[in-house]
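Listing of model.pdb, PDB, C-alpha atoms
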```pdb
MODEL        1
ATOM      1  CA  MET A   1     -12.059  -4.965  22.102
ATOM      2  CA  SER A   2      -9.130  -4.698  24.438
ATOM      3  CA  ALA A   3      -6.299  -2.197  24.647
ATOM      4  CA  ALA A   4      -3.985  -1.392  21.781
ATOM      5  CA  VAL A   5      -1.217  -3.855  20.965
ATOM      6  CA  PRO A   6       2.105  -2.460  22.250
ATOM      7  CA  PRO A   7       4.911  -1.805  19.758
ATOM      8  CA  THR A   8       7.363  -4.650  19.235
ATOM      9  CA  GLU A   9      11.048  -4.229  18.437
ATOM     10  CA  ILE A  10      11.617  -6.243  15.284
ATOM     11  CA  VAL A  11      14.810  -7.146  13.493
ATOM     12  CA  LEU A  12      14.623  -7.650   9.732
ATOM     13  CA  ARG A  13      17.042  -9.894   7.931
ATOM     14  CA  ASN A  14      16.820 -10.416   4.216
ATOM     15  CA  THR A  15      17.797 -13.826   2.926
ATOM     16  CA  PRO A  16      20.067 -13.614  -0.137
ATOM     17  CA  GLY A  17      18.034 -14.664  -3.174
ATOM     18  CA  ALA A  18      19.075 -17.764  -5.054
ATOM     19  CA  GLY A  19      20.859 -17.165  -8.335
ATOM     20  CA  GLN A  20      21.618 -13.460  -7.999
ATOM     21  CA  SER A  21      21.086 -12.054 -11.489
ATOM     22  CA  SER A  22      23.445  -9.662 -13.245
ATOM     23  CA  ASP A  23      20.511  -8.554 -15.417
ATOM     24  CA  PHE A  24      19.086  -6.369 -12.651
ATOM     25  CA  ASP A  25      20.777  -3.106 -11.744
ATOM     26  CA  ALA A  26      19.419  -1.491  -8.577
ATOM     27  CA  LEU A  27      20.775   1.859  -9.752
ATOM     28  CA  MET A  28      18.013   1.823 -12.377
ATOM     29  CA  VAL A  29      15.425   1.963  -9.590
ATOM     30  CA  CYS A  30      13.887   5.228  -8.402
ATOM     31  CA  ALA A  31      12.108   5.012  -5.057
ATOM     32  CA  VAL A  32       9.079   7.272  -4.670
ATOM     33  CA  ILE A  33       7.912   8.187  -1.172
ATOM     34  CA  VAL A  34       4.750  10.168  -0.450
ATOM     35  CA  THR A  35       4.744  12.128   2.814
ATOM     36  CA  TYR A  36       1.962  13.819   4.740
ATOM     37  CA  GLY A  37       2.812  15.137   8.195
ATOM     38  CA  PRO A  38       5.473  12.469   8.762
ATOM     39  CA  ASP A  39       7.344  11.642  11.952
ATOM     40  CA  PRO A  40      10.687  13.396  11.255
ATOM     41  CA  VAL A  41      12.823  10.745  12.973
ATOM     42  CA  LEU A  42      11.059   7.863  11.249
ATOM     43  CA  LEU A  43      11.163   9.573   7.856
ATOM     44  CA  ARG A  44      14.939   9.992   8.096
ATOM     45  CA  LYS A  45      15.181   6.299   8.934
ATOM     46  CA  VAL A  46      12.972   5.365   5.983
ATOM     47  CA  VAL A  47      14.979   7.466   3.528
ATOM     48  CA  ALA A  48      18.266   6.106   4.872
ATOM     49  CA  SER A  49      17.044   2.523   4.466
ATOM     50  CA  VAL A  50      16.206   3.010   0.797
ATOM     51  CA  ALA A  51      18.661   5.633  -0.503
ATOM     52  CA  SER A  52      21.629   3.252  -0.331
ATOM     53  CA  GLN A  53      19.730   0.588  -2.303
ATOM     54  CA  VAL A  54      18.495   2.556  -5.328
ATOM     55  CA  GLY A  55      19.658   5.078  -7.896
ATOM     56  CA  HIS A  56      17.507   7.950  -6.640
ATOM     57  CA  VAL A  57      14.706   8.811  -4.225
ATOM     58  CA  VAL A  58      11.847  11.181  -5.082
ATOM     59  CA  VAL A  59       9.913  12.387  -2.042
ATOM     60  CA  PHE A  60       6.561  13.975  -2.852
ATOM     61  CA  ASP A  61       5.411  15.995   0.145
ATOM     62  CA  ASN A  62       1.630  16.106   0.061
ATOM     63  CA  GLY A  63       0.949  19.434   1.732
ATOM     64  CA  SER A  64       2.596  18.820   5.115
ATOM     65  CA  ARG A  65       2.297  21.842   7.398
ATOM     66  CA  ALA A  66       3.717  20.886  10.772
ATOM     67  CA  VAL A  67       6.842  19.271   9.271
ATOM     68  CA  ASP A  68       9.289  20.950   6.890
ATOM     69  CA  VAL A  69      10.069  17.931   4.719
ATOM     70  CA  VAL A  70      12.212  19.964   2.306
ATOM     71  CA  GLY A  71      14.409  21.250   5.129
ATOM     72  CA  LEU A  72      14.443  17.875   6.873
ATOM     73  CA  LEU A  73      15.921  16.102   3.848
ATOM     74  CA  ALA A  74      18.073  18.967   2.553
ATOM     75  CA  GLY A  75      21.564  17.888   1.563
ATOM     76  CA  GLN A  76      20.714  14.204   1.218
ATOM     77  CA  GLU A  77      22.566  12.648  -1.710
ATOM     78  CA  ARG A  78      20.405  11.177  -4.485
ATOM     79  CA  VAL A  79      17.249  12.500  -2.827
ATOM     80  CA  SER A  80      14.949  15.144  -4.315
ATOM     81  CA  VAL A  81      11.827  16.564  -2.696
ATOM     82  CA  VAL A  82       8.775  17.691  -4.674
ATOM     83  CA  PRO A  83       6.689  19.958  -2.405
ATOM     84  CA  SER A  84       2.968  20.418  -2.900
ATOM     85  CA  GLY A  85       1.110  23.284  -1.292
ATOM     86  CA  LEU A  86      -2.044  21.170  -1.080
ATOM     87  CA  ASN A  87      -2.889  17.575  -0.247
ATOM     88  CA  VAL A  88      -3.630  16.299  -3.742
ATOM     89  CA  GLY A  89      -4.264  12.742  -2.550
ATOM     90  CA  LEU A  90      -2.074   9.679  -2.469
ATOM     91  CA  GLY A  91      -2.968   8.629  -6.006
ATOM     92  CA  ALA A  92      -2.028  11.952  -7.588
ATOM     93  CA  ALA A  93       1.130  12.185  -5.464
ATOM     94  CA  LEU A  94       2.311   8.731  -6.552
ATOM     95  CA  ASN A  95       1.557   9.535 -10.177
ATOM     96  CA  ARG A  96       3.488  12.817 -10.097
ATOM     97  CA  ALA A  97       6.471  11.130  -8.416
ATOM     98  CA  CYS A  98       6.446   8.266 -10.943
ATOM     99  CA  GLU A  99       6.307  10.772 -13.774
ATOM    100  CA  ARG A 100       9.432  12.405 -12.357
ATOM    101  CA  ALA A 101      11.145   8.996 -12.216
ATOM    102  CA  ARG A 102      10.264   8.298 -15.870
ATOM    103  CA  GLN A 103      11.546  11.713 -16.932
ATOM    104  CA  MET A 104      14.846  10.929 -15.206
ATOM    105  CA  GLY A 105      15.164   7.735 -17.251
ATOM    106  CA  PHE A 106      14.691   5.077 -14.571
ATOM    107  CA  GLN A 107      13.488   1.609 -15.582
ATOM    108  CA  TYR A 108      11.833   0.692 -12.271
ATOM    109  CA  VAL A 109       9.959   2.484  -9.509
ATOM    110  CA  LEU A 110       9.840   1.358  -5.891
ATOM    111  CA  LEU A 111       6.604   2.632  -4.328
ATOM    112  CA  MET A 112       6.901   3.481  -0.649
ATOM    113  CA  ASP A 113       4.963   4.894   2.280
ATOM    114  CA  GLN A 114       6.518   7.310   4.754
ATOM    115  CA  ASP A 115       6.661   4.681   7.534
ATOM    116  CA  SER A 116       8.136   1.703   5.624
ATOM    117  CA  VAL A 117      11.668   0.724   6.642
ATOM    118  CA  LEU A 118      13.549  -1.577   4.270
ATOM    119  CA  ALA A 119      15.877  -4.313   5.383
ATOM    120  CA  GLU A 120      19.341  -4.266   3.851
ATOM    121  CA  GLY A 121      19.425  -5.717   0.352
ATOM    122  CA  MET A 122      15.646  -5.787  -0.116
ATOM    123  CA  VAL A 123      15.640  -3.987  -3.467
ATOM    124  CA  GLN A 124      18.282  -6.276  -4.973
ATOM    125  CA  ILE A 125      16.362  -9.369  -3.863
ATOM    126  CA  LEU A 126      13.126  -8.008  -5.336
ATOM    127  CA  GLY A 127      14.831  -7.045  -8.579
ATOM    128  CA  THR A 128      16.542 -10.402  -8.990
ATOM    129  CA  ALA A 129      13.226 -12.175  -8.486
ATOM    130  CA  LEU A 130      11.484  -9.811 -10.916
ATOM    131  CA  VAL A 131      13.977 -10.468 -13.702
ATOM    132  CA  ASP A 132      13.705 -14.228 -13.168
ATOM    133  CA  LEU A 133       9.897 -14.169 -13.130
ATOM    134  CA  GLN A 134       9.759 -12.059 -16.294
ATOM    135  CA  GLN A 135      11.197 -15.028 -18.176
ATOM    136  CA  ALA A 136       7.806 -16.742 -17.768
ATOM    137  CA  GLY A 137       5.533 -13.813 -18.615
ATOM    138  CA  HIS A 138       4.524 -10.227 -17.923
ATOM    139  CA  VAL A 139       5.027  -9.169 -14.300
ATOM    140  CA  ALA A 140       3.271  -6.088 -12.939
ATOM    141  CA  ALA A 141       5.084  -5.951  -9.610
ATOM    142  CA  VAL A 142       6.901  -7.894  -6.928
ATOM    143  CA  GLY A 143       6.609  -7.034  -3.263
ATOM    144  CA  PRO A 144       8.334  -7.909   0.020
ATOM    145  CA  GLN A 145       6.886  -9.800   2.951
ATOM    146  CA  PHE A 146       6.447  -7.024   5.461
ATOM    147  CA  ARG A 147       6.199  -7.325   9.214
ATOM    148  CA  ASP A 148       3.871  -5.120  11.191
ATOM    149  CA  ALA A 149       6.079  -2.568  12.934
ATOM    150  CA  ARG A 150       3.900  -2.824  16.072
ATOM    151  CA  SER A 151       3.330  -6.539  16.509
ATOM    152  CA  GLY A 152       6.265  -7.975  14.562
ATOM    153  CA  GLU A 153       3.920 -10.420  12.807
ATOM    154  CA  PRO A 154       4.615 -11.215   9.123
ATOM    155  CA  ALA A 155       1.804 -10.286   6.762
ATOM    156  CA  PRO A 156       0.512 -12.946   4.366
ATOM    157  CA  PHE A 157       0.201 -12.739   0.617
ATOM    158  CA  VAL A 158      -3.378 -13.077  -0.598
ATOM    159  CA  ARG A 159      -5.152 -15.115  -3.234
ATOM    160  CA  PHE A 160      -8.827 -14.323  -3.609
ATOM    161  CA  GLY A 161     -11.341 -17.035  -2.850
ATOM    162  CA  PHE A 162     -14.858 -17.642  -1.623
ATOM    163  CA  PRO A 163     -16.049 -17.651   1.072
ATOM    164  CA  LEU A 164     -12.567 -16.724   2.364
ATOM    165  CA  ASN A 165      -9.315 -15.560   0.829
ATOM    166  CA  ARG A 166      -6.252 -17.784   0.983
ATOM    167  CA  LYS A 167      -3.523 -16.186   3.103
ATOM    168  CA  LEU A 168      -0.043 -17.515   2.340
ATOM    169  CA  ARG A 169       2.974 -16.628   4.456
ATOM    170  CA  GLY A 170       5.406 -18.940   2.697
ATOM    171  CA  GLY A 171       8.999 -19.392   3.773
ATOM    172  CA  ALA A 172      12.620 -18.779   2.854
ATOM    173  CA  GLY A 173      13.237 -18.861  -0.877
ATOM    174  CA  GLN A 174       9.574 -18.850  -1.860
ATOM    175  CA  ARG A 175       8.032 -16.606  -4.487
ATOM    176  CA  ILE A 176       4.255 -16.578  -4.137
ATOM    177  CA  SER A 177       1.895 -15.775  -6.983
ATOM    178  CA  CYS A 178      -0.807 -13.554  -5.494
ATOM    179  CA  ASP A 179      -3.771 -11.387  -6.449
ATOM    180  CA  PHE A 180      -2.820  -8.283  -4.513
ATOM    181  CA  LEU A 181       0.217  -6.373  -3.240
ATOM    182  CA  ILE A 182       0.149  -3.337  -0.987
ATOM    183  CA  THR A 183       1.581  -0.202  -2.559
ATOM    184  CA  SER A 184       4.479   0.194  -0.158
ATOM    185  CA  GLY A 185       7.486  -1.888  -1.091
ATOM    186  CA  SER A 186       6.203  -2.824  -4.549
ATOM    187  CA  LEU A 187       8.861  -2.827  -7.271
ATOM    188  CA  VAL A 188       7.220  -1.978 -10.590
ATOM    189  CA  PRO A 189       8.809  -1.933 -14.058
ATOM    190  CA  VAL A 190       8.129   1.427 -15.693
ATOM    191  CA  ALA A 191       7.129  -0.407 -18.884
ATOM    192  CA  ALA A 192       4.431  -2.307 -16.941
ATOM    193  CA  LEU A 193       3.210   0.882 -15.299
ATOM    194  CA  GLU A 194       2.808   2.503 -18.712
ATOM    195  CA  ARG A 195       0.739  -0.427 -20.007
ATOM    196  CA  ILE A 196      -1.451  -0.881 -16.938
ATOM    197  CA  GLY A 197      -1.899   2.815 -16.303
ATOM    198  CA  PRO A 198      -1.372   5.145 -13.328
ATOM    199  CA  MET A 199      -3.075   5.087  -9.949
ATOM    200  CA  ASP A 200      -6.725   6.152 -10.000
ATOM    201  CA  GLU A 201      -6.563   9.674  -8.595
ATOM    202  CA  ALA A 202     -10.339   9.771  -8.033
ATOM    203  CA  LEU A 203      -9.946   7.233  -5.214
ATOM    204  CA  PHE A 204      -7.709   9.779  -3.447
ATOM    205  CA  ILE A 205      -6.221   7.462  -0.803
ATOM    206  CA  ASP A 206      -7.657   4.040   0.110
ATOM    207  CA  ASN A 207      -7.843   0.965  -2.161
ATOM    208  CA  LEU A 208      -5.572   2.528  -4.780
ATOM    209  CA  ASP A 209      -3.342  -0.540  -4.702
ATOM    210  CA  MET A 210      -6.326  -2.893  -4.893
ATOM    211  CA  ASP A 211      -7.695  -1.108  -7.960
ATOM    212  CA  TRP A 212      -4.294  -1.085  -9.699
ATOM    213  CA  CYS A 213      -3.747  -4.784  -8.996
ATOM    214  CA  PHE A 214      -7.196  -5.602 -10.394
ATOM    215  CA  ARG A 215      -6.330  -3.760 -13.607
ATOM    216  CA  ALA A 216      -2.937  -5.436 -13.789
ATOM    217  CA  LYS A 217      -4.399  -8.929 -13.503
ATOM    218  CA  ARG A 218      -7.126  -8.143 -16.033
ATOM    219  CA  ALA A 219      -4.410  -6.981 -18.473
ATOM    220  CA  GLY A 220      -2.609 -10.330 -18.178
ATOM    221  CA  PHE A 221       0.124  -9.343 -15.741
ATOM    222  CA  SER A 222       1.133 -11.340 -12.669
ATOM    223  CA  LEU A 223       1.918 -10.252  -9.104
ATOM    224  CA  HIS A 224       4.361 -11.996  -6.800
ATOM    225  CA  GLY A 225       5.279 -11.831  -3.144
ATOM    226  CA  ILE A 226       8.960 -12.435  -2.443
ATOM    227  CA  CYS A 227       9.412 -14.033   0.976
ATOM    228  CA  ASP A 228      13.159 -13.388   1.159
ATOM    229  CA  ALA A 229      12.595  -9.611   0.844
ATOM    230  CA  GLN A 230      11.756  -7.994   4.194
ATOM    231  CA  MET A 231      10.291  -4.657   5.272
ATOM    232  CA  ALA A 232       8.725  -3.126   8.400
ATOM    233  CA  HIS A 233       5.412  -1.379   7.817
ATOM    234  CA  SER A 234       2.235  -0.376   9.652
ATOM    235  CA  ILE A 235      -1.304  -0.379   8.254
ATOM    236  CA  GLY A 236      -3.812   1.899   9.938
ATOM    237  CA  GLU A 237      -3.233   4.267  12.825
ATOM    238  CA  GLU A 238      -3.597   1.635  15.536
ATOM    239  CA  LEU A 239      -3.563  -2.124  16.069
ATOM    240  CA  ARG A 240      -5.958  -3.384  18.749
ATOM    241  CA  ALA A 241      -5.941  -6.809  20.333
ATOM    242  CA  SER A 242      -9.178  -8.673  19.712
ATOM    243  CA  TRP A 243     -10.791 -12.068  20.208
ATOM    244  CA  VAL A 244     -12.021 -11.797  16.615
ATOM    245  CA  LYS A 245      -8.552 -11.872  15.004
ATOM    246  CA  GLN A 246      -5.481 -13.411  16.597
ATOM    247  CA  ASP A 247      -3.093 -10.885  15.045
ATOM    248  CA  GLY A 248      -5.233  -7.902  16.084
ATOM    249  CA  VAL A 249      -7.678  -5.531  14.405
ATOM    250  CA  ILE A 250      -6.504  -2.549  12.355
ATOM    251  CA  VAL A 251      -8.127   0.704  13.478
ATOM    252  CA  HIS A 252      -8.298   3.845  11.324
ATOM    253  CA  LYS A 253      -9.159   7.427  12.184
ATOM    254  CA  PRO A 254     -12.873   8.217  11.663
ATOM    255  CA  PHE A 255     -12.383  10.313   8.493
ATOM    256  CA  ARG A 256     -10.495   7.464   6.784
ATOM    257  CA  LEU A 257     -13.626   5.341   7.050
ATOM    258  CA  TYR A 258     -15.257   7.621   4.478
ATOM    259  CA  PHE A 259     -12.668   6.601   1.873
ATOM    260  CA  ILE A 260     -12.575   2.957   2.950
ATOM    261  CA  MET A 261     -16.337   2.592   2.524
ATOM    262  CA  ARG A 262     -16.729   4.804  -0.542
ATOM    263  CA  ASN A 263     -13.863   3.314  -2.499
ATOM    264  CA  ARG A 264     -14.901  -0.279  -1.807
ATOM    265  CA  VAL A 265     -18.354   0.491  -3.160
ATOM    266  CA  LEU A 266     -16.787   2.215  -6.177
ATOM    267  CA  LEU A 267     -14.712  -0.905  -6.865
ATOM    268  CA  TYR A 268     -17.822  -3.093  -6.669
ATOM    269  CA  ARG A 269     -19.167  -1.107  -9.644
ATOM    270  CA  ARG A 270     -16.155  -1.642 -11.929
ATOM    271  CA  ARG A 271     -16.113  -4.273 -14.678
ATOM    272  CA  TYR A 272     -12.555  -5.403 -14.026
ATOM    273  CA  THR A 273     -13.077  -6.032 -10.300
ATOM    274  CA  PRO A 274     -13.080  -9.812  -9.685
ATOM    275  CA  ARG A 275     -16.543 -11.061  -8.784
ATOM    276  CA  VAL A 276     -15.058 -13.463  -6.240
ATOM    277  CA  TRP A 277     -13.475 -10.555  -4.382
ATOM    278  CA  ILE A 278     -16.775  -8.663  -4.280
ATOM    279  CA  ALA A 279     -18.607 -11.742  -2.984
ATOM    280  CA  GLN A 280     -16.299 -12.163  -0.003
ATOM    281  CA  ASP A 281     -15.644  -8.459   0.594
ATOM    282  CA  VAL A 282     -19.251  -7.327   1.023
ATOM    283  CA  PRO A 283     -19.636  -9.286   4.307
ATOM    284  CA  ARG A 284     -16.307  -7.844   5.471
ATOM    285  CA  LEU A 285     -17.564  -4.330   4.727
ATOM    286  CA  VAL A 286     -20.678  -5.024   6.804
ATOM    287  CA  LEU A 287     -18.588  -6.341   9.712
ATOM    288  CA  LYS A 288     -16.315  -3.292   9.530
ATOM    289  CA  PHE A 289     -19.374  -1.047   9.560
ATOM    290  CA  VAL A 290     -20.834  -2.764  12.636
ATOM    291  CA  GLY A 291     -17.522  -3.000  14.472
ATOM    292  CA  ASN A 292     -16.718   0.693  14.057
ATOM    293  CA  ALA A 293     -20.246   1.814  14.886
ATOM    294  CA  LEU A 294     -20.576  -0.279  18.051
ATOM    295  CA  PHE A 295     -17.207  -1.151  19.549
ATOM    296  CA  LEU A 296     -14.786   1.732  18.965
ATOM    297  CA  PRO A 297     -14.470   5.245  20.414
ATOM    298  CA  GLN A 298     -16.016   8.176  18.496
ATOM    299  CA  ARG A 299     -18.814   5.870  17.348
ATOM    300  CA  TRP A 300     -21.060   8.661  16.068
ATOM    301  CA  GLN A 301     -18.290  10.223  13.990
ATOM    302  CA  ARG A 302     -17.402   6.831  12.574
ATOM    303  CA  LEU A 303     -21.021   6.113  11.687
ATOM    304  CA  VAL A 304     -21.444   9.460   9.925
ATOM    305  CA  PHE A 305     -18.278   9.077   7.845
ATOM    306  CA  MET A 306     -19.148   5.494   6.901
ATOM    307  CA  CYS A 307     -22.697   6.385   5.841
ATOM    308  CA  ARG A 308     -21.453   9.279   3.720
ATOM    309  CA  GLY A 309     -18.875   6.989   2.135
ATOM    310  CA  VAL A 310     -21.398   4.327   1.195
ATOM    311  CA  ARG A 311     -23.740   6.993  -0.195
ATOM    312  CA  ASP A 312     -21.081   8.629  -2.355
ATOM    313  CA  GLY A 313     -19.847   5.241  -3.539
ATOM    314  CA  LEU A 314     -23.327   4.341  -4.722
ATOM    315  CA  LEU A 315     -23.530   7.726  -6.462
ATOM    316  CA  GLY A 316     -20.162   7.163  -8.149
ATOM    317  CA  ARG A 317     -18.450  10.162  -6.545
ATOM    318  CA  GLY A 318     -14.668  10.345  -6.239
ATOM    319  CA  GLY A 319     -12.104  12.888  -5.080
ATOM    320  CA  GLY A 320     -11.138  14.215  -1.669
ATOM    321  CA  LEU A 321     -13.180  14.454   1.497
ATOM    322  CA  PRO A 322     -16.339  16.497   0.786
ATOM    323  CA  GLY A 323     -16.811  19.676   2.768
TER     324      GLY A 323
ENDMDL
END
```
Can you present the structure in this file as structure tokens?
Amino acid sequence: MSAAVPPTEIVLRNTPGAGQSSDFDALMVCAVIVTYGPDPVLLRKVVASVASQVGHVVVFDNGSRAVDVVGLLAGQERVSVVPSGLNVGLGAALNRACERARQMGFQYVLLMDQDSVLAEGMVQILGTALVDLQQAGHVAAVGPQFRDARSGEPAPFVRFGFPLNRKLRGGAGQRISCDFLITSGSLVPVAALERIGPMDEALFIDNLDMDWCFRAKRAGFSLHGICDAQMAHSIGEELRASWVKQDGVIVHKPFRLYFIMRNRVLLYRRRYTPRVWIAQDVPRLVLKFVGNALFLPQRWQRLVFMCRGVRDGLLGRGGGLPG
């Protein structure tokens, strides 16, 4: 693999959605952001991009030590910070923040990561699409088409298939029915969240969104990607150029590989996980295992974390990082 892909300056422009609906009120949306050692400058930018588009923002700080998130966001209008002395995991943090939003009477939650920057008008476009789509059936969530903050490339929406998934990027005005949405940027009706259930806290961090989407689809809800809604977001700690994938390979820190491997194996064991996804994901897990063990720095650390993850997944263990 070659050197890391350099950051790209990207400009996001949301396209006004057709038939703006008066049935959606963005002030009934509470954004929930989970932080863990965030970049202070970027976090301010993230909060600024969302606070003007929703009724309130709940920031759950997941045990940050080097950054004073409470002090950093002090005085921000319509922003409240819930500090946690410990890292309780992304799943628990999202659940606690969503509980706060429900207690405050909001009808929708916008799930967000600490590095996701919204384009102007994104929430209104998502909400308008959600209300329209609800006319045809139960909708679990709608999500924006995000661009990688490093490469500027738009991410596709995914429909599961075998031997390969279908990756659909769509175009202006399109609303794409899909099988999976990433957590960040997803607009979820509180009523749907109550029926589908909260995030699985035992997974701790990785594949939480995958598990929730599986449960949503099994319960008869649909998921939709809204191409007119735009957001900048980064997956993984690094994006490396590679001859294997044109848009680069996502690289995680060694300890994250424990959760990535363990939680995938845990999902393979669950009744509601689509068999087609398991069939095409197992080879991907093997390739990820080989790629991290042979072609990336800290190979031994990566191998150890991956082996422990696979072992604990087979044993059905959840929770945080052991030891």
Show me, as a PyMOL selection string, the residues that have an atom within 7 Å of Asn62 of chain A when counting all atoms listed in the file, minus same-chain residues fewer than 6 positions from it. chain A and resi 34-36+83-84+86-88+93
Using all atoms listed in the file - which residues lie no farther than 7 Å from the point (9.9, 9.2, -10.7) in the file's frame? Write them as a ChimeraX atom specification. /A:30,32,58,97-104,109
Top pick for closest residue to Asp132 of chain A, considering A:Arg175, A:Ser184, A:Ser234, A:Leu90 and counting only C-alpha atoms: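 Checking each of A:Arg175, A:Ser184, A:Ser234, A:Leu90 against Asp132 of chain A, counting only C-alpha atoms, the winner is A:Arg175.
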With distances taken over all atoms listed in the file, which of A:Asp228, A:Pro254, A:Leu164, A:Pro283 is nearest to Arg299 of chain A?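 Selected residue with least distance to Arg299 of chain A: A:Pro254.
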Quick one: pull the distance between atom CA of Leu193 of chain A and atom CA of Gly121 of chain A, Å, one decimal. 23.5 Å
Residue members of the PyMOL selection byres ((chain A and resi 44) around 10) in the file shown, as a ChimeraX atom specification: /A:38-43,45-49,69,72-73,76,114-115,117
Going by the chain IDs and residue numbers used in this file, which residues fall under the PyMOL selection byres ((chain A and resi 208) around 12)? Write them as an NGL selection string. :A and (89-95 or 180-184 or 198-207 or 209-215 or 259-260 or 263-264 or 266-267)
Output the residue selection produced by the PyMOL selection byres ((chain A and resi 265) around 9) on the file above, formatted as a short mmCIF file (atom, residue, chain, number, x, y, z; two decimals) with C-alpha atoms, in the coordinates of the input.
```cif
data_model
loop_
_atom_site.label_atom_id
_atom_site.label_comp_id
_atom_site.auth_asym_id
_atom_site.auth_seq_id
_atom_site.Cartn_x
_atom_site.Cartn_y
_atom_site.Cartn_z
CA ILE A 260 -12.58 2.96 2.95
CA MET A 261 -16.34 2.59 2.52
CA ARG A 262 -16.73 4.80 -0.54
CA ASN A 263 -13.86 3.31 -2.50
CA ARG A 264 -14.90 -0.28 -1.81
CA LEU A 266 -16.79 2.22 -6.18
CA LEU A 267 -14.71 -0.90 -6.86
CA TYR A 268 -17.82 -3.09 -6.67
CA ARG A 269 -19.17 -1.11 -9.64
CA VAL A 282 -19.25 -7.33 1.02
CA GLY A 309 -18.88 6.99 2.13
CA VAL A 310 -21.40 4.33 1.20
CA ARG A 311 -23.74 6.99 -0.20
CA ASP A 312 -21.08 8.63 -2.36
CA GLY A 313 -19.85 5.24 -3.54
CA LEU A 314 -23.33 4.34 -4.72
CA GLY A 316 -20.16 7.16 -8.15
#
```
From A:Ala155, A:Val54, A:Ala216, A:Leu110, residue lying nearest Leu27 of chain A [only C-alpha atoms]: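 Looking only at the distances to Leu27 of chain A, the closest residue turns out to be A:Val54.
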